[in-house]
Amino acid sequence: MTTHSTHAPNTMLGTKPTLQWSEGQLAALEVLEDHLPEQVKSGAVLEAIGISKAFGGLQALGDAGLTIEAAQTTGLIGPNGAGKSTFFDCVTGFTAPDTGSVHAFGHDVTTRSPWKRAQIGMARTFQANHIAPGLSVEENLLIGAHLTLSGGLVQNTLRVGRSYRHERTTRGLAKAVARLLDMDRYLGVRAGVLDFGAQRRIEIGRALLGPARIILLDEPTAGVDAVEAARLLGLIKQLQVDLGLAVLIIEHHVRSVLRMCDQIYVLERGQMIFSGAPDEVRKNERVRAAYLGDASAL
């Protein structure tokens with residue numbers, strides 16, 4: 001078992017996540033850590049190579065690629081319409097690329113379904129919420145654990161068969177994740193009545209329960225105010241560091257991306273125009289011209 005401090009260092013950035021876990025959250029972190037598969041500690045965990053995609057006469061992506069390193073946060077930024085979400089969909093299996101390949105954890109997953117990719121530890125969220133609004137927070141989180149439920153989701157929901165004996169453990173995991181996300185007081189509340197920020201946290205919790213080795217987040221702060229966005233991104237960074245996850249994030253809060261990411265890729269008109277550490281991205285003239293503007297303000 002890993003011993004966690006309230007502040008986990010990020011040597012690549014030279015900064016530390018600012019979130020402080022309570023004693024209860026530290027205990028919940030250990031519960032979740034025991035559930036997750038062993039995390040990859042070094043090397044590339046995901047590679048997208050030469051991804052191209054056209055929709056009719058529109059070339060959305062052209063020979064785009066990136067590499068996600070273990071236990072790091074990688075950002076993908078670019079102006080609106082650059083092709084970021086299309087690239088995400090190709091990487092996660094929701095859209096088939098016209099050319100190129102995707103490799104995750106040593107497997108060629110280019111033709112695998114999203115379900116099969118999730119089974120090896122790839123989890124994602126969407127720019128628009130994909131929660132079940134009529135179900136409680138706890139029930140939504142339990143959906144995220146369906147890959148590890150003995151007997152499948154239906155049997156567990158109906159409480160029949162051998163899978164019933166795993167229900168207590170699974171509900172304990174959902175409660176642990178809710179505690180980490182500061183959502184435990186809402187476990188029995190219908191998800192659809194909660195604000196957008198809370199619904200975003202539900203999606204992140206479901207991804208964690210996948211169980212995840214890499215989480216791909218498509219605009220996780222879309223639709224929330226600046227204060228909640230800062231809190232949510234701080235939470236994501238703390239979870240990434242303390243759990244040893246790899247994270248790929250599309251995010252329009254550029255300052256936050258520059259603070260939280262170890263490596264950043266910049267997409268413009270379907271092509272990766274630059275990649276590097278945050279300071280390198282800030283200083284690159286082409287990136288400033290395409291997206292950042294006055295880098296001195298970042």
# chains A, B, ... in the order shown; residues from 1 in each chain; ligands from 1
>>> closest_atom_pairs(of="stretch 85-137 of chain A", to="stretch 33-44 of chain A", cutoff="12 Å", atoms="only C-alpha atoms", output="tab-separated table")
residue	atom	partner	partner_atom	distance
A:His103	CA	A:Ala44	CA	9.5
A:Ala104	CA	A:Ala44	CA	8.4
A:Phe105	CA	A:Ala44	CA	7.8
A:Gly106	CA	A:Ala44	CA	8.9
A:His107	CA	A:Ala44	CA	11.8
A:Gln119	CA	A:Pro37	CA	10.8
A:Ile120	CA	A:Pro37	CA	9.3
A:Gly121	CA	A:Pro37	CA	8.0
A:Met122	CA	A:Pro37	CA	11.5
>>> select_by_dssp(residues="stretch 60-238 of chain A", states="strand (DSSP E)", output="PyMOL selection string")
chain A and resi 60-69+73-77+99-104+107-108+122-124+214-218
>>> write_last_selection(atoms="N, CA and C atoms", output="PDB file, in the first residue's frame")
ATOM      1  N   ALA A  60     -10.934  16.572 -40.977  1.00  0.00           N
ATOM      2  CA  ALA A  60     -10.933  16.952 -39.566  1.00  0.00           C
ATOM      3  C   ALA A  60      -9.582  16.732 -38.919  1.00  0.00           C
ATOM      4  N   LEU A  61      -8.894  15.662 -39.306  1.00  0.00           N
ATOM      5  CA  LEU A  61      -7.580  15.337 -38.756  1.00  0.00           C
ATOM      6  C   LEU A  61      -6.664  14.909 -39.887  1.00  0.00           C
ATOM      7  N   GLY A  62      -5.400  15.295 -39.796  1.00  0.00           N
ATOM      8  CA  GLY A  62      -4.431  14.887 -40.796  1.00  0.00           C
ATOM      9  C   GLY A  62      -3.114  14.493 -40.165  1.00  0.00           C
ATOM     10  N   ASP A  63      -2.854  13.197 -40.106  1.00  0.00           N
ATOM     11  CA  ASP A  63      -1.573  12.677 -39.613  1.00  0.00           C
ATOM     12  C   ASP A  63      -1.253  13.193 -38.202  1.00  0.00           C
ATOM     13  N   ALA A  64      -2.257  13.165 -37.329  1.00  0.00           N
ATOM     14  CA  ALA A  64      -2.075  13.666 -35.960  1.00  0.00           C
ATOM     15  C   ALA A  64      -1.691  12.526 -35.034  1.00  0.00           C
ATOM     16  N   GLY A  65      -0.837  12.816 -34.070  1.00  0.00           N
ATOM     17  CA  GLY A  65      -0.425  11.781 -33.127  1.00  0.00           C
ATOM     18  C   GLY A  65       0.099  12.377 -31.838  1.00  0.00           C
ATOM     19  N   LEU A  66       0.135  11.538 -30.825  1.00  0.00           N
ATOM     20  CA  LEU A  66       0.721  11.939 -29.548  1.00  0.00           C
ATOM     21  C   LEU A  66       1.113  10.694 -28.754  1.00  0.00           C
ATOM     22  N   THR A  67       1.895  10.920 -27.708  1.00  0.00           N
ATOM     23  CA  THR A  67       2.312   9.860 -26.801  1.00  0.00           C
ATOM     24  C   THR A  67       2.003  10.286 -25.379  1.00  0.00           C
ATOM     25  N   ILE A  68       1.330   9.404 -24.640  1.00  0.00           N
ATOM     26  CA  ILE A  68       0.999   9.662 -23.242  1.00  0.00           C
ATOM     27  C   ILE A  68       1.930   8.836 -22.378  1.00  0.00           C
ATOM     28  N   GLU A  69       2.671   9.503 -21.514  1.00  0.00           N
ATOM     29  CA  GLU A  69       3.599   8.818 -20.627  1.00  0.00           C
ATOM     30  C   GLU A  69       2.905   8.415 -19.328  1.00  0.00           C
ATOM     31  N   THR A  73       0.258  13.947 -16.468  1.00  0.00           N
ATOM     32  CA  THR A  73      -0.902  14.626 -17.028  1.00  0.00           C
ATOM     33  C   THR A  73      -0.484  15.267 -18.340  1.00  0.00           C
ATOM     34  N   THR A  74      -1.161  14.894 -19.403  1.00  0.00           N
ATOM     35  CA  THR A  74      -0.874  15.420 -20.736  1.00  0.00           C
ATOM     36  C   THR A  74      -2.057  16.249 -21.198  1.00  0.00           C
ATOM     37  N   GLY A  75      -1.788  17.443 -21.699  1.00  0.00           N
ATOM     38  CA  GLY A  75      -2.844  18.319 -22.172  1.00  0.00           C
ATOM     39  C   GLY A  75      -2.912  18.347 -23.687  1.00  0.00           C
ATOM     40  N   LEU A  76      -4.130  18.529 -24.201  1.00  0.00           N
ATOM     41  CA  LEU A  76      -4.355  18.720 -25.627  1.00  0.00           C
ATOM     42  C   LEU A  76      -5.144  20.013 -25.786  1.00  0.00           C
ATOM     43  N   ILE A  77      -4.525  21.017 -26.382  1.00  0.00           N
ATOM     44  CA  ILE A  77      -5.162  22.317 -26.522  1.00  0.00           C
ATOM     45  C   ILE A  77      -5.194  22.717 -27.994  1.00  0.00           C
ATOM     46  N   THR A  99      -6.975   6.612 -41.346  1.00  0.00           N
ATOM     47  CA  THR A  99      -5.618   6.058 -41.331  1.00  0.00           C
ATOM     48  C   THR A  99      -5.051   6.224 -39.938  1.00  0.00           C
ATOM     49  N   GLY A 100      -4.002   5.471 -39.648  1.00  0.00           N
ATOM     50  CA  GLY A 100      -3.318   5.593 -38.371  1.00  0.00           C
ATOM     51  C   GLY A 100      -3.621   4.445 -37.429  1.00  0.00           C
ATOM     52  N   SER A 101      -2.983   4.466 -36.271  1.00  0.00           N
ATOM     53  CA  SER A 101      -3.141   3.383 -35.302  1.00  0.00           C
ATOM     54  C   SER A 101      -3.099   3.939 -33.886  1.00  0.00           C
ATOM     55  N   VAL A 102      -3.686   3.157 -32.965  1.00  0.00           N
ATOM     56  CA  VAL A 102      -3.710   3.507 -31.548  1.00  0.00           C
ATOM     57  C   VAL A 102      -3.218   2.311 -30.755  1.00  0.00           C
ATOM     58  N   HIS A 103      -2.248   2.529 -29.881  1.00  0.00           N
ATOM     59  CA  HIS A 103      -1.697   1.465 -29.046  1.00  0.00           C
ATOM     60  C   HIS A 103      -1.823   1.877 -27.586  1.00  0.00           C
ATOM     61  N   ALA A 104      -2.318   0.962 -26.763  1.00  0.00           N
ATOM     62  CA  ALA A 104      -2.479   1.248 -25.336  1.00  0.00           C
ATOM     63  C   ALA A 104      -1.998   0.055 -24.533  1.00  0.00           C
ATOM     64  N   HIS A 107      -0.964  -2.991 -26.408  1.00  0.00           N
ATOM     65  CA  HIS A 107      -1.933  -3.604 -27.305  1.00  0.00           C
ATOM     66  C   HIS A 107      -2.259  -2.659 -28.460  1.00  0.00           C
ATOM     67  N   ASP A 108      -2.400  -3.221 -29.649  1.00  0.00           N
ATOM     68  CA  ASP A 108      -2.932  -2.457 -30.774  1.00  0.00           C
ATOM     69  C   ASP A 108      -4.452  -2.448 -30.635  1.00  0.00           C
ATOM     70  N   MET A 122      -8.648   1.899 -20.234  1.00  0.00           N
ATOM     71  CA  MET A 122      -8.894   3.203 -20.839  1.00  0.00           C
ATOM     72  C   MET A 122     -10.286   3.683 -20.445  1.00  0.00           C
ATOM     73  N   ALA A 123     -10.360   4.829 -19.786  1.00  0.00           N
ATOM     74  CA  ALA A 123     -11.643   5.392 -19.370  1.00  0.00           C
ATOM     75  C   ALA A 123     -11.723   6.829 -19.838  1.00  0.00           C
ATOM     76  N   ARG A 124     -12.938   7.270 -20.203  1.00  0.00           N
ATOM     77  CA  ARG A 124     -13.069   8.629 -20.710  1.00  0.00           C
ATOM     78  C   ARG A 124     -14.332   9.299 -20.184  1.00  0.00           C
ATOM     79  N   ILE A 214      -5.675   4.811 -17.434  1.00  0.00           N
ATOM     80  CA  ILE A 214      -5.548   6.114 -18.073  1.00  0.00           C
ATOM     81  C   ILE A 214      -6.944   6.697 -18.192  1.00  0.00           C
ATOM     82  N   ILE A 215      -7.089   7.979 -17.855  1.00  0.00           N
ATOM     83  CA  ILE A 215      -8.363   8.664 -17.980  1.00  0.00           C
ATOM     84  C   ILE A 215      -8.220   9.765 -19.024  1.00  0.00           C
ATOM     85  N   LEU A 216      -9.161   9.798 -19.956  1.00  0.00           N
ATOM     86  CA  LEU A 216      -9.172  10.791 -21.018  1.00  0.00           C
ATOM     87  C   LEU A 216     -10.369  11.703 -20.778  1.00  0.00           C
ATOM     88  N   LEU A 217     -10.100  12.975 -20.532  1.00  0.00           N
ATOM     89  CA  LEU A 217     -11.115  13.931 -20.112  1.00  0.00           C
ATOM     90  C   LEU A 217     -11.330  14.968 -21.210  1.00  0.00           C
ATOM     91  N   ASP A 218     -12.543  14.992 -21.754  1.00  0.00           N
ATOM     92  CA  ASP A 218     -12.880  15.921 -22.829  1.00  0.00           C
ATOM     93  C   ASP A 218     -13.611  17.124 -22.227  1.00  0.00           C
TER      94      ASP A 218
END
>>> atom_distance(atom1="atom CA of A:Lys84", atom2="atom CA of A:Val287")
15.3 Å
>>> select_by_dssp(residues="stretch 41-286 of chain A", states="alpha helix (DSSP H)", output="number ranges by chain")
A: 84-92, 114-119, 137-144, 153-158, 167-180, 196-208, 226-243, 254-260, 278-283, 285-286
>>> atom_distance(atom1="atom CA of A:Met183", atom2="atom CA of A:Leu232")
12.4 Å
>>> residues_around(residues="A:Val224", least_positions_apart="4", cutoff="7 Å", atoms="only C-alpha atoms", output="VMD selection string")
chain A and resid 196 to 197 228 to 229
>>> residues_around(residues="stretch 276-286 of chain A", least_positions_apart="2", cutoff="6 Å", atoms="only C-alpha atoms", output="PyMOL selection string")
chain A and resi 258+263-264+288-289+295
>>> write_last_selection(atoms="C-alpha atoms", output="mmCIF file, in the first residue's frame")
data_model
loop_
_atom_site.group_PDB
_atom_site.id
_atom_site.type_symbol
_atom_site.label_atom_id
_atom_site.label_comp_id
_atom_site.auth_asym_id
_atom_site.auth_seq_id
_atom_site.Cartn_x
_atom_site.Cartn_y
_atom_site.Cartn_z
ATOM 1 C CA LEU A 258 -0.164 25.092 -18.291
ATOM 2 C CA GLN A 263 3.401 17.653 -21.461
ATOM 3 C CA ILE A 264 1.139 19.592 -23.814
ATOM 4 C CA ARG A 288 1.036 31.931 -29.522
ATOM 5 C CA ALA A 289 -0.113 33.013 -32.962
ATOM 6 C CA ALA A 295 1.904 34.469 -23.432
#
>>> residues_around(residues="A:Asp98", least_positions_apart="4", cutoff="10 Å", atoms="only C-alpha atoms", output="VMD selection string")
chain A and resid 50 to 55 61 to 62 90
>>> closest_residue(among="A:Leu32, A:Val109, A:Leu135, A:Ala96", to="A:Val193", atoms="only C-alpha atoms")
A:Leu135
>>> residues_around(residues="A:Lys175", least_positions_apart="3", cutoff="9 Å", atoms="only C-alpha atoms", output="ChimeraX atom specification")
/A:28,138,141,170-172,178-180,183-184,187
>>> decode(residues="stretch 208-225 of chain A", atoms="N, CA and C atoms", output="CSV table (one decimal), in the first residue's frame")
chain,number,residue,atom,x,y,z
A,208,LEU,N,-13.1,6.5,-13.0
A,208,LEU,CA,-12.2,5.9,-12.0
A,208,LEU,C,-12.5,4.5,-11.7
A,209,LEU,N,-13.8,4.2,-11.6
A,209,LEU,CA,-14.3,2.8,-11.2
A,209,LEU,C,-14.2,1.8,-12.4
A,210,GLY,N,-13.7,2.3,-13.5
A,210,GLY,CA,-13.7,1.5,-14.7
A,210,GLY,C,-13.2,0.0,-14.7
A,211,PRO,N,-12.1,-0.3,-14.1
A,211,PRO,CA,-11.2,0.5,-13.3
A,211,PRO,C,-10.2,1.1,-14.3
A,212,ALA,N,-9.7,2.3,-14.0
A,212,ALA,CA,-8.9,3.0,-14.9
A,212,ALA,C,-7.4,2.9,-14.7
A,213,ARG,N,-6.6,2.9,-15.8
A,213,ARG,CA,-5.2,3.1,-15.8
A,213,ARG,C,-4.8,4.4,-16.5
A,214,ILE,N,-5.7,4.8,-17.4
A,214,ILE,CA,-5.5,6.1,-18.1
A,214,ILE,C,-6.9,6.7,-18.2
A,215,ILE,N,-7.1,8.0,-17.9
A,215,ILE,CA,-8.4,8.7,-18.0
A,215,ILE,C,-8.2,9.8,-19.0
A,216,LEU,N,-9.2,9.8,-20.0
A,216,LEU,CA,-9.2,10.8,-21.0
A,216,LEU,C,-10.4,11.7,-20.8
A,217,LEU,N,-10.1,13.0,-20.5
A,217,LEU,CA,-11.1,13.9,-20.1
A,217,LEU,C,-11.3,15.0,-21.2
A,218,ASP,N,-12.5,15.0,-21.8
A,218,ASP,CA,-12.9,15.9,-22.8
A,218,ASP,C,-13.6,17.1,-22.2
A,219,GLU,N,-12.9,18.2,-22.1
A,219,GLU,CA,-13.5,19.5,-21.5
A,219,GLU,C,-14.2,19.2,-20.2
A,220,PRO,N,-13.5,18.7,-19.2
A,220,PRO,CA,-14.2,18.4,-17.9
A,220,PRO,C,-14.8,19.6,-17.2
A,221,THR,N,-14.4,20.8,-17.5
A,221,THR,CA,-15.0,22.0,-16.8
A,221,THR,C,-15.9,22.8,-17.7
A,222,ALA,N,-16.3,22.2,-18.9
A,222,ALA,CA,-17.3,22.9,-19.7
A,222,ALA,C,-18.6,23.0,-19.0
A,223,GLY,N,-19.1,24.2,-19.0
A,223,GLY,CA,-20.4,24.5,-18.3
A,223,GLY,C,-20.4,24.8,-16.9
A,224,VAL,N,-19.2,24.9,-16.3
A,224,VAL,CA,-19.1,25.3,-14.9
A,224,VAL,C,-18.4,26.6,-14.7
A,225,ASP,N,-18.6,27.3,-13.6
A,225,ASP,CA,-18.0,28.6,-13.4
A,225,ASP,C,-16.5,28.5,-13.1
